[in-house]
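Trainee: Sending over a structure as structure tokens; questions will come in a sec.
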Amino acid sequence: MALGSSCVYPSELTGVFATFARLGKKAKMIYLRRVLDRDGRILEDHSSFYDPWTELDDRVAAGYSKLFDVPEQVMTPETAFLMQQLMAEVCKPPGTGGRAAALGKPVAGKTGTTNDLFDAWFLGYTRDLVTGVWVGYDTYENPMDKYATGGHYALPIWLDYMQKALKGMPQGDFEAPSEKIVWVNIDGDTGLRATAETRQPILEAYLKGNEPADDGAVATAPGQPLPQKQGPDAAQAADQMLKGGL
């Protein structure tokens with residue numbers, strides 16, 4: 001998950017993160033949703049059934065037309081989900097993407113900063129919307145200043161856009177794709193299962209069979225909401241980070 005360490009376009013990275021959001025199903029990049037002629041007739045239509053910004057009739061028509069267009073599964077849903085959980089932790093204070101918690105909705109994402117501060121990235125998403133932001137010069141002649149990190153430069157732009165784009169649109173929690181995902185309370189100091197002496201257990205997701213050995217894993221049934229790991233003050237802490245310029 002090294003953002004900015006190789007030459008890629010923002011559209012390419014956004015497509016990768018959309019694949020995580022779709023639990024391993026490759027996202028097809030489409031730059032024009034619909035093309036109409038001057039009389040309003042549809043010449044080309046790439047509407048998606050899953051697009052909440054598209055009218056219901058158009059969503060149904062799009063879903064029917066793509067009924068047999070099965071997206072490529074490039075990684076298992078469980079692998080994508082575990083990566084998603086890692087990136088959800090990035091977006092909670094004091095993570096490098098902690099400002100994203102100010103969105104007030106479940107979010108996963110990753111900051112990125114190139115060597116010598118030439119580029120700053122933030123890629124993040126909710127259940128319905130994936131957005132990527134790149135900040136930098138269009139040539140490699142001049143670096144940005146010493147504060148030009150993904151969390152300082154790119155993330156505030158991402159947050160401003162997402163707050164407007166998702167205004168009034170509830171976003172559900174990220175759900176475990178199957179019973180192959182188990183939840184275990186972990187001791188943050190040892191990395192092992194929490195014990196009675198653990199002061200503040202951390203609930204972590206594992207692929208079944210890879211969790212630390214012991215009893216007491218908490219598994220979620222398919223489709224059930226995840227146990228909430230984000231504390232009630234996460235959005236407030238993110239707001240303080242924004243105000244403090246961290």
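Order determines the names: the first chain of the structure tokens is A, the second B, and so forth; residues in each chain are numbered 1 upward, and ligands are numbered 1 upward as they are shown.
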Which polymer residues have any atom within 8 Å of an atom of Gly151 in chain A, counting only C-alpha atoms, with same-chain residues fewer than 4 positions away left out, as a list of chain:residue names?

Mentor: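 That gives A:Thr96, A:Gly97, A:Arg99, A:Thr111, A:Gly112, A:Ala120, A:Trp121, A:Phe122, A:Leu155, A:Pro156.
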
Trainee: Which is closest to Val8 in chain A among A:Leu43, A:Pro71, A:Thr114, A:Arg59, if we use only C-alpha atoms?

Mentor: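 Under the stated criterion, the closest residue is A:Thr114.
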
Trainee: With only C-alpha atoms as the atoms that count, which of A:Leu129, A:Leu117, A:Ile30, A:Ile157 lies nearest to Met144 in chain A?

Mentor: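 Result for the nearest residue to Met144 in chain A: A:Leu117.
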
Trainee: Of the candidates A:Thr76, A:Tyr9, A:Arg127, A:Ala88, which shows the shortest atom-to-atom distance to Pro170 in chain A, using only C-alpha atoms?

Mentor: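 Residue with the minimum atom-to-atom distance to Pro170 in chain A: A:Arg127.
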
Trainee: Quick one: residues within 9 Å of Phe20 in chain A, only C-alpha atoms counted, chain neighbours fewer than 2 positions away excluded, as a ChimeraX atom specification?

Mentor: /A:15-18,22-26,75,77,79-81,83-84

Trainee: Those residues with C-alpha atoms, as an mmCIF file, in the first residue's frame please?

Mentor:
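Printed below is part32.cif as written:
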```cif
data_model
loop_
_atom_site.group_PDB
_atom_site.id
_atom_site.type_symbol
_atom_site.label_atom_id
_atom_site.label_comp_id
_atom_site.auth_asym_id
_atom_site.auth_seq_id
_atom_site.Cartn_x
_atom_site.Cartn_y
_atom_site.Cartn_z
ATOM 1 C CA GLY A 15 -9.758 2.182 -9.647
ATOM 2 C CA VAL A 16 -7.633 0.009 -7.355
ATOM 3 C CA PHE A 17 -9.328 1.397 -4.255
ATOM 4 C CA ALA A 18 -12.716 0.891 -5.901
ATOM 5 C CA ARG A 22 -16.232 -3.777 -4.153
ATOM 6 C CA LEU A 23 -14.701 -6.613 -2.106
ATOM 7 C CA GLY A 24 -12.295 -7.741 -4.786
ATOM 8 C CA LYS A 25 -14.406 -7.211 -7.903
ATOM 9 C CA LYS A 26 -12.423 -5.241 -10.467
ATOM 10 C CA MET A 75 -8.948 -11.115 -5.082
ATOM 11 C CA PRO A 77 -13.738 -10.883 -0.763
ATOM 12 C CA THR A 79 -8.680 -10.446 1.447
ATOM 13 C CA ALA A 80 -10.247 -7.202 0.218
ATOM 14 C CA PHE A 81 -12.200 -6.871 3.453
ATOM 15 C CA MET A 83 -7.299 -4.647 3.618
ATOM 16 C CA GLN A 84 -10.360 -2.457 4.038
#
```
